[in-house]
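**Student:** If it helps, the file is called upload-v6.cif and holds mmCIF, C-alpha atoms:
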data_run
#
loop_
_atom_site.label_atom_id
_atom_site.label_comp_id
_atom_site.auth_asym_id
_atom_site.auth_seq_id
_atom_site.Cartn_x
_atom_site.Cartn_y
_atom_site.Cartn_z
CA MET G 1309 0.00 0.00 0.00
CA VAL G 1310 1.33 3.44 -0.98
CA HIS G 1311 1.05 5.91 1.88
CA ASP G 1312 0.27 9.59 1.41
CA VAL G 1313 3.27 11.95 1.45
CA GLN G 1314 3.14 13.83 4.75
CA LEU G 1315 3.75 17.56 4.39
CA ALA G 1316 4.30 20.58 6.60
CA VAL G 1317 4.07 24.25 5.61
CA ILE G 1318 6.29 26.84 7.29
CA GLY G 1319 5.23 30.46 6.94
CA LEU G 1320 1.62 31.64 6.77
CA GLY G 1321 2.04 35.17 5.48
CA TYR G 1322 0.97 36.29 2.01
CA TRP G 1323 1.71 33.13 0.00
CA GLY G 1324 1.68 30.41 2.67
CA PRO G 1325 -2.13 29.97 2.89
CA ASN G 1326 -2.27 29.41 -0.88
CA ILE G 1327 0.35 26.68 -0.59
CA VAL G 1328 -1.60 25.07 2.27
CA ARG G 1329 -4.78 25.05 0.17
CA CYS G 1330 -3.07 23.41 -2.81
CA ALA G 1331 -1.27 20.90 -0.58
CA VAL G 1332 -4.52 19.94 1.17
CA GLU G 1333 -6.17 19.37 -2.19
CA CYS G 1334 -3.20 17.43 -3.63
CA GLU G 1335 -3.96 13.77 -4.28
CA GLY G 1336 -1.50 11.45 -2.60
CA ALA G 1337 -0.47 14.01 0.01
CA GLN G 1338 -1.62 15.07 3.45
CA VAL G 1339 -0.78 18.28 5.31
CA LYS G 1340 0.05 17.21 8.84
CA ALA G 1341 1.15 20.53 10.30
CA VAL G 1342 1.68 24.24 9.70
CA CYS G 1343 4.17 26.47 11.48
CA ASP G 1344 4.29 30.22 12.02
CA GLN G 1345 5.26 32.67 14.74
CA SER G 1346 1.82 34.29 14.57
CA THR G 1347 -0.80 32.62 16.75
CA GLU G 1348 -3.49 34.50 14.82
CA ALA G 1349 -2.30 33.10 11.47
CA LEU G 1350 -2.13 29.60 12.95
CA ALA G 1351 -5.62 29.84 14.42
CA LYS G 1352 -7.07 31.04 11.13
CA LEU G 1353 -5.58 28.12 9.15
CA ILE G 1354 -6.58 25.54 11.76
CA ARG G 1355 -10.18 26.80 11.72
CA ARG G 1356 -10.22 26.37 7.95
CA TYR G 1357 -8.52 22.95 8.05
CA PRO G 1358 -9.41 21.28 11.38
CA GLY G 1359 -7.36 18.16 10.60
CA VAL G 1360 -4.12 20.11 10.33
CA GLY G 1361 -1.97 20.67 13.41
CA GLY G 1362 -0.41 24.04 14.16
CA THR G 1363 2.74 24.94 16.04
CA GLN G 1364 5.14 27.81 16.69
CA ASP G 1365 7.91 25.34 17.53
CA LEU G 1366 9.91 24.62 14.39
CA ASP G 1367 12.23 22.17 16.14
CA ARG G 1368 9.26 20.11 17.27
CA LEU G 1369 7.91 20.01 13.73
CA LEU G 1370 11.25 18.94 12.26
CA GLU G 1371 11.63 16.19 14.86
CA ASP G 1372 8.40 14.55 13.68
CA PRO G 1373 9.51 11.39 11.83
CA ASP G 1374 6.19 11.15 9.95
CA ILE G 1375 6.73 14.40 8.02
CA ASP G 1376 8.32 13.69 4.64
CA GLY G 1377 8.48 17.12 3.05
CA VAL G 1378 8.42 20.78 4.07
CA LEU G 1379 7.16 23.72 2.01
CA LEU G 1380 8.83 27.01 2.99
CA ALA G 1381 6.97 30.29 2.43
CA THR G 1382 9.12 32.62 4.50
CA PRO G 1383 11.12 35.81 3.69
CA VAL G 1384 14.07 35.42 1.31
CA SER G 1385 16.58 36.21 4.05
CA THR G 1386 15.50 33.05 5.92
CA HIS G 1387 15.59 30.61 2.99
CA TYR G 1388 19.13 29.38 3.52
CA GLU G 1389 18.96 28.93 7.29
CA LEU G 1390 15.53 27.28 7.32
CA GLY G 1391 16.24 25.21 4.20
CA LYS G 1392 19.42 23.88 5.80
CA ARG G 1393 17.63 23.01 9.04
CA CYS G 1394 14.95 21.11 7.14
CA LEU G 1395 17.47 19.19 5.05
CA ASP G 1396 19.56 18.42 8.14
CA ALA G 1397 16.37 16.98 9.67
CA GLY G 1398 16.00 14.64 6.68
CA LYS G 1399 13.04 16.46 5.09
CA HIS G 1400 12.50 17.10 1.39
CA VAL G 1401 12.18 20.85 0.81
CA MET G 1402 10.24 23.11 -1.53
CA VAL G 1403 11.22 26.74 -0.90
CA GLU G 1404 9.60 29.82 -2.39
CA LYS G 1405 11.65 31.76 -4.93
CA PRO G 1406 14.46 32.58 -4.91
CA LEU G 1407 16.17 29.47 -3.58
CA ALA G 1408 18.48 31.54 -1.35
CA SER G 1409 20.05 35.00 -1.15
CA THR G 1410 23.40 34.16 -2.77
CA VAL G 1411 24.96 31.67 -5.17
CA GLU G 1412 27.16 30.32 -2.38
CA GLU G 1413 24.12 29.65 -0.19
CA CYS G 1414 22.39 27.88 -3.09
CA LYS G 1415 25.45 25.70 -3.70
CA ALA G 1416 25.59 24.73 -0.03
CA LEU G 1417 21.91 23.72 -0.06
CA LEU G 1418 22.38 21.72 -3.27
CA GLU G 1419 25.36 19.87 -1.85
CA LEU G 1420 23.50 19.09 1.36
CA ALA G 1421 20.41 17.84 -0.48
CA GLU G 1422 22.53 15.64 -2.76
CA LYS G 1423 24.48 14.27 0.20
CA ARG G 1424 21.27 13.39 2.07
CA GLY G 1425 19.48 12.09 -1.04
CA LEU G 1426 16.67 14.65 -0.65
CA ILE G 1427 14.55 16.69 -3.06
CA LEU G 1428 15.34 20.42 -3.04
CA MET G 1429 12.91 22.40 -5.16
CA PRO G 1430 12.67 26.18 -5.66
CA GLY G 1431 9.13 27.48 -6.07
CA HIS G 1432 9.27 28.96 -9.57
CA THR G 1433 5.54 28.72 -10.16
CA PHE G 1434 5.57 30.12 -13.71
CA LEU G 1435 7.27 26.95 -14.94
CA TYR G 1436 3.92 25.23 -14.32
CA SER G 1437 1.84 27.87 -16.09
CA PRO G 1438 0.09 26.33 -19.15
CA PRO G 1439 1.04 29.24 -21.49
CA VAL G 1440 4.71 29.07 -20.42
CA VAL G 1441 4.71 25.30 -21.02
CA LYS G 1442 3.08 25.81 -24.44
CA VAL G 1443 5.78 28.30 -25.47
CA LYS G 1444 8.42 25.80 -24.32
CA GLU G 1445 6.82 23.15 -26.56
CA LEU G 1446 6.82 25.54 -29.53
CA LEU G 1447 10.47 26.45 -29.00
CA SER G 1448 11.49 22.80 -28.62
CA ALA G 1449 9.71 22.00 -31.90
CA ARG G 1450 11.54 24.96 -33.54
CA GLU G 1451 8.25 26.51 -34.63
CA LEU G 1452 9.89 29.94 -34.51
CA GLY G 1453 12.98 28.87 -36.45
CA ASP G 1454 16.19 30.60 -35.33
CA LEU G 1455 15.43 32.87 -32.39
CA TYR G 1456 16.50 36.47 -33.03
CA PHE G 1457 15.47 38.42 -29.95
CA GLY G 1458 12.89 38.82 -27.20
CA THR G 1459 11.43 41.51 -24.97
CA SER G 1460 9.74 41.12 -21.61
CA SER G 1461 7.83 43.63 -19.47
CA ARG G 1462 6.90 42.88 -15.88
CA VAL G 1463 5.68 46.15 -14.41
CA ASN G 1464 3.03 47.42 -12.02
CA LEU G 1465 2.41 50.20 -9.49
CA GLY G 1466 3.94 49.03 -6.17
CA ILE G 1467 4.42 47.36 -3.82
CA HIS G 1468 7.85 48.76 -2.83
CA GLN G 1469 9.56 46.04 -0.81
CA SER G 1470 11.48 47.08 2.29
CA ASP G 1471 14.19 44.42 2.14
CA VAL G 1472 14.82 43.82 -1.58
CA SER G 1473 15.07 45.74 -4.85
CA VAL G 1474 12.80 45.25 -7.83
CA VAL G 1475 15.48 42.88 -9.19
CA LYS G 1476 15.12 40.32 -6.41
CA ASP G 1477 11.36 40.82 -6.26
CA LEU G 1478 10.38 40.47 -9.94
CA ALA G 1479 13.40 39.20 -11.89
CA PRO G 1480 13.21 35.60 -10.56
CA HIS G 1481 9.99 35.15 -12.56
CA ASP G 1482 11.49 36.21 -15.88
CA PHE G 1483 14.86 34.57 -15.22
CA SER G 1484 13.26 31.22 -14.39
CA ILE G 1485 11.06 31.36 -17.51
CA LEU G 1486 13.98 32.31 -19.79
CA LEU G 1487 16.21 29.59 -18.32
CA TYR G 1488 13.41 27.07 -18.88
CA TRP G 1489 12.93 28.22 -22.46
CA LEU G 1490 16.44 29.11 -23.62
CA GLY G 1491 19.02 27.85 -21.12
CA ARG G 1492 21.75 29.95 -19.50
CA PRO G 1493 22.65 33.32 -21.13
CA GLU G 1494 26.26 34.22 -21.77
CA PHE G 1495 26.16 37.73 -20.33
CA VAL G 1496 23.95 40.16 -18.42
CA ARG G 1497 23.94 43.96 -18.59
CA ALA G 1498 21.67 46.21 -16.51
CA ILE G 1499 20.85 49.81 -15.73
CA GLY G 1500 18.52 50.90 -12.95
CA ARG G 1501 17.19 53.80 -10.95
CA GLU G 1502 16.31 54.55 -7.33
CA THR G 1503 13.21 56.67 -7.89
CA ILE G 1504 11.14 56.80 -4.71
CA VAL G 1505 13.01 55.23 -1.79
CA PRO G 1506 16.72 56.11 -1.50
CA GLY G 1507 18.81 52.95 -1.68
CA THR G 1508 16.06 50.83 -3.27
CA ILE G 1509 16.12 50.25 -7.03
CA ASP G 1510 12.54 50.27 -8.31
CA VAL G 1511 13.15 50.49 -12.09
CA VAL G 1512 15.63 48.33 -13.99
CA PHE G 1513 16.32 47.37 -17.59
CA ILE G 1514 18.24 44.13 -18.17
CA ASP G 1515 19.83 42.80 -21.37
CA LEU G 1516 20.70 39.12 -21.68
CA GLY G 1517 22.75 37.59 -24.49
CA PHE G 1518 22.19 33.90 -25.27
CA PRO G 1519 24.29 31.45 -27.28
CA GLY G 1520 23.55 31.78 -30.97
CA GLY G 1521 23.13 35.54 -30.82
CA CYS G 1522 19.62 35.81 -29.34
CA LEU G 1523 19.17 39.00 -27.28
CA VAL G 1524 16.45 39.46 -24.66
CA HIS G 1525 15.55 42.79 -23.03
CA VAL G 1526 13.74 42.63 -19.67
CA GLU G 1527 11.93 45.62 -18.16
CA LEU G 1528 11.06 45.53 -14.44
CA SER G 1529 9.35 48.30 -12.51
CA TRP G 1530 7.22 49.08 -9.46
CA LEU G 1531 6.28 52.37 -11.13
CA ALA G 1532 3.85 51.80 -13.99
CA PRO G 1533 0.31 53.06 -14.59
CA THR G 1534 -0.99 49.54 -15.29
CA LYS G 1535 0.00 45.97 -14.55
CA LEU G 1536 1.70 44.36 -17.55
CA ARG G 1537 3.10 40.84 -17.95
CA ARG G 1538 4.09 40.56 -21.61
CA THR G 1539 6.84 38.69 -23.45
CA VAL G 1540 7.56 38.77 -27.19
CA LEU G 1541 9.83 36.27 -28.96
CA VAL G 1542 10.87 36.87 -32.57
CA GLY G 1543 12.28 34.10 -34.74
CA SER G 1544 13.21 33.56 -38.36
CA GLU G 1545 9.93 31.73 -39.08
CA LYS G 1546 7.34 32.99 -36.59
CA MET G 1547 6.79 35.28 -33.62
CA ILE G 1548 5.09 34.66 -30.26
CA VAL G 1549 3.39 37.00 -27.83
CA TYR G 1550 2.87 35.63 -24.32
CA GLU G 1551 0.71 37.93 -22.19
CA ASP G 1552 -0.18 36.54 -18.79
CA THR G 1553 -2.96 39.05 -18.08
CA SER G 1554 -4.67 38.65 -21.49
CA SER G 1555 -7.66 36.46 -22.33
CA GLU G 1556 -5.51 35.09 -25.20
CA GLN G 1557 -2.35 34.33 -23.28
CA VAL G 1558 -0.36 32.93 -26.24
CA ARG G 1559 -0.58 34.17 -29.82
CA ILE G 1560 1.54 32.85 -32.69
CA PHE G 1561 2.19 35.25 -35.57
CA ASP G 1562 3.20 33.82 -38.94
CA ARG G 1563 5.14 36.97 -39.75
CA GLY G 1564 8.68 37.87 -40.65
CA ALA G 1565 11.11 39.39 -43.11
CA GLU G 1566 13.54 37.78 -45.54
CA LEU G 1567 16.47 39.19 -47.45
CA MET G 1568 16.14 38.61 -51.19
CA GLU G 1569 19.15 38.22 -53.44
CA PRO G 1570 19.51 41.25 -55.77
CA GLN G 1571 18.47 40.55 -59.36
CA THR G 1572 20.89 43.15 -60.67
CA PHE G 1573 23.73 45.18 -59.23
CA GLY G 1574 21.19 47.05 -57.14
CA GLU G 1575 20.58 46.83 -53.40
CA PHE G 1576 19.29 43.83 -51.52
CA GLN G 1577 15.51 43.71 -51.24
CA LEU G 1578 13.44 42.70 -48.24
CA SER G 1579 10.39 40.46 -48.50
CA TYR G 1580 7.89 40.85 -45.66
CA ARG G 1581 5.52 38.06 -44.70
CA SER G 1582 2.26 38.73 -42.84
CA GLY G 1583 0.37 35.48 -42.36
CA ASP G 1584 -2.18 34.09 -39.94
CA ILE G 1585 -2.41 34.66 -36.19
CA LEU G 1586 -3.04 31.48 -34.21
CA THR G 1587 -4.24 31.24 -30.62
CA PRO G 1588 -3.52 27.72 -29.34
CA ARG G 1589 -5.83 26.01 -26.86
CA LEU G 1590 -4.44 25.99 -23.34
CA ASP G 1591 -5.38 23.76 -20.43
CA ALA G 1592 -7.05 25.69 -17.63
CA ASP G 1593 -5.16 24.80 -14.46
CA GLU G 1594 -3.64 26.49 -11.44
CA PRO G 1595 0.17 26.63 -11.68
CA LEU G 1596 0.65 26.48 -7.89
CA ARG G 1597 -1.43 23.31 -7.67
CA LEU G 1598 0.66 21.71 -10.43
CA GLU G 1599 3.84 22.82 -8.67
CA VAL G 1600 2.85 21.21 -5.37
CA GLU G 1601 1.82 18.05 -7.24
CA ASP G 1602 5.25 17.93 -8.88
CA PHE G 1603 6.95 18.25 -5.49
CA VAL G 1604 4.88 15.38 -4.09
CA GLY G 1605 5.54 13.29 -7.21
CA ALA G 1606 9.27 13.99 -7.00
CA ILE G 1607 9.31 12.76 -3.39
CA ARG G 1608 7.35 9.62 -4.22
CA ASP G 1609 9.22 8.75 -7.43
CA ARG G 1610 12.67 9.97 -6.32
CA ARG G 1611 13.06 12.12 -9.42
CA ALA G 1612 13.98 15.72 -10.14
CA PRO G 1613 11.02 18.14 -10.36
CA ARG G 1614 10.60 20.48 -13.32
CA SER G 1615 11.63 23.40 -11.11
CA HIS G 1616 14.83 21.71 -10.00
CA ALA G 1617 17.48 23.00 -7.64
CA THR G 1618 20.08 23.67 -10.35
CA LEU G 1619 17.63 25.98 -12.13
CA GLY G 1620 17.07 27.76 -8.82
CA LEU G 1621 20.83 28.23 -8.50
CA GLU G 1622 21.03 29.66 -12.04
CA VAL G 1623 18.24 32.16 -11.23
CA VAL G 1624 20.23 33.47 -8.26
CA ARG G 1625 23.36 33.53 -10.44
CA LEU G 1626 21.55 35.84 -12.88
CA ILE G 1627 20.33 38.04 -10.01
CA GLU G 1628 23.91 38.42 -8.76
CA ALA G 1629 25.16 39.18 -12.28
CA THR G 1630 22.47 41.85 -12.67
CA GLU G 1631 23.39 43.46 -9.36
CA LEU G 1632 27.09 43.35 -10.26
CA SER G 1633 26.38 45.08 -13.59
CA LEU G 1634 24.40 47.78 -11.76
CA GLU G 1635 27.37 48.31 -9.45
CA SER G 1636 29.81 48.37 -12.39
CA TYR G 1637 28.41 51.23 -14.47
CA SER G 1638 26.20 48.89 -16.55
CA ALA G 1639 29.14 46.84 -17.79
CA PRO G 1640 28.26 43.45 -19.29
CA VAL G 1641 28.85 40.63 -16.78
CA PRO G 1642 29.74 37.15 -18.04
CA VAL G 1643 27.44 34.57 -16.47
CA GLY G 1644 29.06 31.76 -14.53
CA PRO G 1645 32.50 31.27 -12.98
CA SER G 1646 35.73 31.63 -14.96
CA LEU G 1647 37.76 28.58 -15.97
CA ASP G 1648 39.73 28.65 -12.72
CA GLY G 1649 36.52 28.69 -10.68
CA ARG G 1650 36.83 32.27 -9.47
CA ARG G 1651 34.14 34.88 -9.90
CA THR G 1652 34.19 36.55 -13.31
CA ASN G 1653 34.47 40.33 -13.14
CA PRO G 1654 32.74 42.64 -15.63
CA ASP G 1655 34.72 44.46 -18.29
CA ARG G 1656 33.90 48.14 -17.85
CA ARG G 1657 35.60 48.94 -21.16
CA ARG G 1658 32.81 47.08 -23.00
CA SER G 1659 30.03 49.06 -21.32
CA ALA G 1660 28.07 50.88 -24.01
CA ALA G 1661 26.03 52.97 -21.61
CA GLY G 1662 28.71 53.81 -19.08
CA MET G 1663 25.94 54.78 -16.68
CA PRO G 1664 25.75 54.21 -12.92
CA ILE G 1665 22.57 53.58 -10.97
CA LEU G 1666 20.52 56.76 -11.14
CA ARG G 1667 19.62 57.93 -7.65
CA SER G 1668 16.72 60.07 -6.58
CA PRO G 1669 17.63 63.60 -5.42
CA ARG G 1670 18.31 63.86 -1.71
CA PRO G 1671 16.41 66.56 0.19
#
What would you get if you wrote out this structure as structure tokens?
**Tutor:**
Amino acid sequence: MVHDVQLAVIGLGYWGPNIVRCAVECEGAQVKAVCDQSTEALAKLIRRYPGVGGTQDLDRLLEDPDIDGVLLATPVSTHYELGKRCLDAGKHVMVEKPLASTVEECKALLELAEKRGLILMPGHTFLYSPPVVKVKELLSARELGDLYFGTSSRVNLGIHQSDVSVVKDLAPHDFSILLYWLGRPEFVRAIGRETIVPGTIDVVFIDLGFPGGCLVHVELSWLAPTKLRRTVLVGSEKMIVYEDTSSEQVRIFDRGAELMEPQTFGEFQLSYRSGDILTPRLDADEPLRLEVEDFVGAIRDRRAPRSHATLGLEVVRLIEATELSLESYSAPVPVGPSLDGRRTNPDRRRSAAGMPILRSPRP
């Protein structure tokens, strides 16, 4: 007889209750306990789910031998410490994005999980979004041909975070999606501005260069008149628009331009193609529910989840590269360590913009 995977959820703030709901509804799993420092948050969840135990004592929860996996929904600054404690206690771990605050912390968690034979999964929910999966299928089938470039806008009005910049708040979404679609970029270049709160970057523009010459421009902001979640990919054969807030989340454009050989000694001519627009059918499902199901399945089947720990590490690597570019007058930063294993420094001489972070005027 196959027993249900026993789960615990730590952190009942903004996102934690959603994770509890999806875990309770997950077939083949059972939420045994929730943990939070707030007695009010605990009481509210226990009233909603009477069969779930609640505790403020994390050590007591981790000592429970019946609990197989822990889902962490706590602030980013706690991810490394709490993730390590859970892994040390022999628990599989799903931790909300990003995996940890630094690349070194991510590496330490990966090594510990591998040593203990445990699942370590970062919560990059967009990897389970049906439109994101559909775009991945189209790219894998080379429906777009050779990929030329992409643009992505993830902007809204607020909320200004007190402990992180807009990079750490919003970039993990786009970085995880782009890594899932395209793999690791070769370089990152960024320019940003502190507009409202001194010391907190709330607007940033990021350029990523991928193998094969594909360029992607990412726009992130807490200062926009409307909420926009829109990505455009342009290839040699077709183009795709993925818009998360639209009723037609994925649209495929059979459009492009081709260079025609000159018939005489004249100039090259361009041939423009404007074909059909296709909206593929997408399964209606909740990404968070699919994510929790994947975590439970990974525990049961001893396999890597779609949002695996190495991808989580690469997301944090891109965050660090972005921050290093911002600190280095927008110089391009090679992604990944150098051949001797040391951190690769940006080349300021190759910076086209030569611009520092723009800071708001001080009173």
**Student:** Would you write out, as JSON lines, a table of all residues in stretch 1487-1590 of chain G that have an atom no more than 9 Å from an atom of stretch 1613-1629 of chain G, listing for each the closest atom pair and the distance in Å to one decimal, considering all atoms listed in the file and ordering rows by chain and rising residue number?
**Tutor:**
{"residue": "G:Leu1487", "atom": "CA", "partner": "G:Leu1619", "partner_atom": "CA", "distance": 7.3}
{"residue": "G:Tyr1488", "atom": "CA", "partner": "G:Leu1619", "partner_atom": "CA", "distance": 8.0}
{"residue": "G:Arg1492", "atom": "CA", "partner": "G:Glu1622", "partner_atom": "CA", "distance": 7.5}
{"residue": "G:Pro1493", "atom": "CA", "partner": "G:Leu1626", "partner_atom": "CA", "distance": 8.7}
{"residue": "G:Phe1495", "atom": "CA", "partner": "G:Ala1629", "partner_atom": "CA", "distance": 8.2}
{"residue": "G:Val1496", "atom": "CA", "partner": "G:Ala1629", "partner_atom": "CA", "distance": 6.3}
{"residue": "G:Arg1497", "atom": "CA", "partner": "G:Ala1629", "partner_atom": "CA", "distance": 8.0}
{"residue": "G:Ala1498", "atom": "CA", "partner": "G:Ala1629", "partner_atom": "CA", "distance": 8.9}
**Student:** Could you please take those selected residues and save C-alpha atoms as an mmCIF file, in the frame of the given file?
**Tutor:**
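Generated output (part.cif):
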data_model
loop_
_atom_site.group_PDB
_atom_site.id
_atom_site.type_symbol
_atom_site.label_atom_id
_atom_site.label_comp_id
_atom_site.auth_asym_id
_atom_site.auth_seq_id
_atom_site.Cartn_x
_atom_site.Cartn_y
_atom_site.Cartn_z
ATOM 1 C CA LEU G 1487 16.210 29.590 -18.320
ATOM 2 C CA TYR G 1488 13.410 27.070 -18.880
ATOM 3 C CA ARG G 1492 21.750 29.950 -19.500
ATOM 4 C CA PRO G 1493 22.650 33.320 -21.130
ATOM 5 C CA PHE G 1495 26.160 37.730 -20.330
ATOM 6 C CA VAL G 1496 23.950 40.160 -18.420
ATOM 7 C CA ARG G 1497 23.940 43.960 -18.590
ATOM 8 C CA ALA G 1498 21.670 46.210 -16.510
#
**Student:** Do a neighbour search on G:Glu1566 at 9 Å with all atoms listed in the file, toss out local chain neighbours closer than 3 positions, and write the hits as an NGL selection string.
**Tutor:** :G and (1544 or 1577-1581)
**Student:** I need the residue nearest G:Pro1325 from this list: G:Thr1503, G:Thr1382, G:Thr1587, G:Gln1557. Use all atoms listed in the file for the distance.
**Tutor:**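 Going through G:Thr1503, G:Thr1382, G:Thr1587, G:Gln1557 one by one, the smallest distance to G:Pro1325 is for G:Thr1382.
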**Student:** Have a look at atom CA of G:Leu1379 and atom CA of G:Phe1603 and let me know their distance in Å, one decimal.
**Tutor:**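 Taking atom CA of G:Leu1379 and atom CA of G:Phe1603, their separation equals 9.3 Å.
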**Student:** Using all atoms listed in the file, find the one residue out of G:Ala1381, G:Leu1465, G:Leu1417, G:Met1429 that sits nearest to G:Pro1533.
**Tutor:**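 Comparing G:Ala1381, G:Leu1465, G:Leu1417, G:Met1429 against G:Pro1533, the winner is G:Leu1465.
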**Student:** Report the residues retrieved by the PyMOL selection byres ((chain G and resi 1348-1356) around 12) from the displayed file, expressed as a ChimeraX atom specification.
**Tutor:** /G:1317-1322,1324-1329,1332,1339-1347,1357-1365
**Student:** From the set G:Glu1527, G:Asp1367, G:Glu1631, G:Asp1374, which residue has the shortest atom-to-atom contact distance to G:Arg1393, counting only C-alpha atoms?
**Tutor:**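 With only C-alpha atoms as the atom set, the closest residue is G:Asp1367.
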**Student:** For atom CA of G:Lys1399 and atom CA of G:Val1411, quote the distance in Å rounded to one decimal.
**Tutor:**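 Atom-to-atom, atom CA of G:Lys1399 and atom CA of G:Val1411 are spaced 21.9 Å apart.
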**Student:** Taking all atoms listed in the file into account, which of G:Ala1316, G:Leu1586, G:Ile1467, G:Leu1435 comes nearest G:Val1401?
**Tutor:**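 Of G:Ala1316, G:Leu1586, G:Ile1467, G:Leu1435, the one nearest G:Val1401 is G:Ala1316, counting all atoms listed in the file.
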**Student:** Tell me which of G:Glu1404, G:Asp1609, G:Asp1584, G:Glu1545 sits closest to G:Tyr1456, counting only C-alpha atoms.
**Tutor:**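 Looking only at the distances to G:Tyr1456, the closest residue turns out to be G:Glu1545.
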**Student:** Expand the PyMOL selection byres ((chain G and resi 1392) around 12) into the individual residues it matches in the shown file, reporting them as a CSV table (one decimal) with C-alpha atoms, keeping the file's coordinate frame.
**Tutor:**
chain,number,residue,atom,x,y,z
G,1370,LEU,CA,11.2,18.9,12.3
G,1378,VAL,CA,8.4,20.8,4.1
G,1380,LEU,CA,8.8,27.0,3.0
G,1386,THR,CA,15.5,33.0,5.9
G,1387,HIS,CA,15.6,30.6,3.0
G,1388,TYR,CA,19.1,29.4,3.5
G,1389,GLU,CA,19.0,28.9,7.3
G,1390,LEU,CA,15.5,27.3,7.3
G,1391,GLY,CA,16.2,25.2,4.2
G,1393,ARG,CA,17.6,23.0,9.0
G,1394,CYS,CA,15.0,21.1,7.1
G,1395,LEU,CA,17.5,19.2,5.0
G,1396,ASP,CA,19.6,18.4,8.1
G,1397,ALA,CA,16.4,17.0,9.7
G,1398,GLY,CA,16.0,14.6,6.7
G,1399,LYS,CA,13.0,16.5,5.1
G,1400,HIS,CA,12.5,17.1,1.4
G,1401,VAL,CA,12.2,20.8,0.8
G,1402,MET,CA,10.2,23.1,-1.5
G,1403,VAL,CA,11.2,26.7,-0.9
G,1407,LEU,CA,16.2,29.5,-3.6
G,1408,ALA,CA,18.5,31.5,-1.4
G,1413,GLU,CA,24.1,29.6,-0.2
G,1414,CYS,CA,22.4,27.9,-3.1
G,1415,LYS,CA,25.4,25.7,-3.7
G,1416,ALA,CA,25.6,24.7,0.0
G,1417,LEU,CA,21.9,23.7,-0.1
G,1418,LEU,CA,22.4,21.7,-3.3
G,1419,GLU,CA,25.4,19.9,-1.8
G,1420,LEU,CA,23.5,19.1,1.4
G,1421,ALA,CA,20.4,17.8,-0.5
G,1424,ARG,CA,21.3,13.4,2.1
G,1426,LEU,CA,16.7,14.6,-0.6
G,1428,LEU,CA,15.3,20.4,-3.0
**Student:** When the PyMOL selection byres ((chain G and resi 1375) around 7) is applied to the file above, which residues end up in the set, as a PyMOL selection string?
**Tutor:** chain G and resi 1314-1316+1372-1374+1376-1377
**Student:** Residues near G:Ile1560, anyone? I mean within 8 Å using only C-alpha atoms, not counting same-chain ones fewer than 3 positions away, as a PDB file with C-alpha atoms, keeping the file's coordinate frame.
**Tutor:**
ATOM      1  CA  LYS G1546       7.340  32.990 -36.590  1.00  0.00           C
ATOM      2  CA  MET G1547       6.790  35.280 -33.620  1.00  0.00           C
ATOM      3  CA  ILE G1548       5.090  34.660 -30.260  1.00  0.00           C
ATOM      4  CA  VAL G1549       3.390  37.000 -27.830  1.00  0.00           C
ATOM      5  CA  ILE G1585      -2.410  34.660 -36.190  1.00  0.00           C
ATOM      6  CA  LEU G1586      -3.040  31.480 -34.210  1.00  0.00           C
ATOM      7  CA  THR G1587      -4.240  31.240 -30.620  1.00  0.00           C
ATOM      8  CA  PRO G1588      -3.520  27.720 -29.340  1.00  0.00           C
TER       9      PRO G1588
END
**Student:** Determine the axis-aligned bounding box of all atoms of stretch 1373-1387 of chain G present in the file, pad each side by 5 Å, and express its centre and edge lengths in Å to one decimal place as JSON.
**Tutor:**
{"center_x": 11.4, "center_y": 23.7, "center_z": 6.6, "size_x": 20.4, "size_y": 35.1, "size_z": 20.5}
**Student:** Which residue out of G:Val1604, G:Leu1590, G:Leu1447, G:Ile1514 has the minimum interatomic distance to G:Gly1543 when all atoms listed in the file are used?
**Tutor:** G:Leu1447
**Student:** Please compute the atom CA of G:Lys1535-atom CA of G:Thr1553 distance, one decimal, in Å.
**Tutor:**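 Distance reported for this atom pair: 8.3 Å.
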**Student:** Using only C-alpha atoms, which protein or nucleic acid residues come within 12 Å of G:Leu1455? Drop anything in the same chain fewer than 3 positions from it, and give the result as a ChimeraX atom specification.
**Tutor:** /G:1446-1448,1450-1452,1458,1489-1490,1517-1524,1540-1548,1564
**Student:** Just the residues within 6 Å of G:Val1512, please, counting all atoms listed in the file, with nothing from its chain fewer than 3 positions along; format it as a ChimeraX atom specification.
**Tutor:** /G:1499-1500,1528
**Student:** When you get a chance, write out N, CA and C atoms for stretch 1519-1524 of chain G, as a CSV table (one decimal), in the coordinates of the input.
**Tutor:**
chain,number,residue,atom,x,y,z
G,1519,PRO,N,23.5,32.1,-26.2
G,1519,PRO,CA,24.3,31.4,-27.3
G,1519,PRO,C,23.5,31.5,-28.6
G,1520,GLY,N,24.2,31.7,-29.7
G,1520,GLY,CA,23.6,31.8,-31.0
G,1520,GLY,C,23.2,33.2,-31.4
G,1521,GLY,N,23.4,34.1,-30.5
G,1521,GLY,CA,23.1,35.5,-30.8
G,1521,GLY,C,21.8,36.1,-30.4
G,1522,CYS,N,20.9,35.3,-29.8
G,1522,CYS,CA,19.6,35.8,-29.3
G,1522,CYS,C,19.8,36.8,-28.2
G,1523,LEU,N,19.1,38.0,-28.3
G,1523,LEU,CA,19.2,39.0,-27.3
G,1523,LEU,C,17.8,39.1,-26.7
G,1524,VAL,N,17.7,39.3,-25.4
G,1524,VAL,CA,16.4,39.5,-24.7
G,1524,VAL,C,16.6,40.7,-23.7
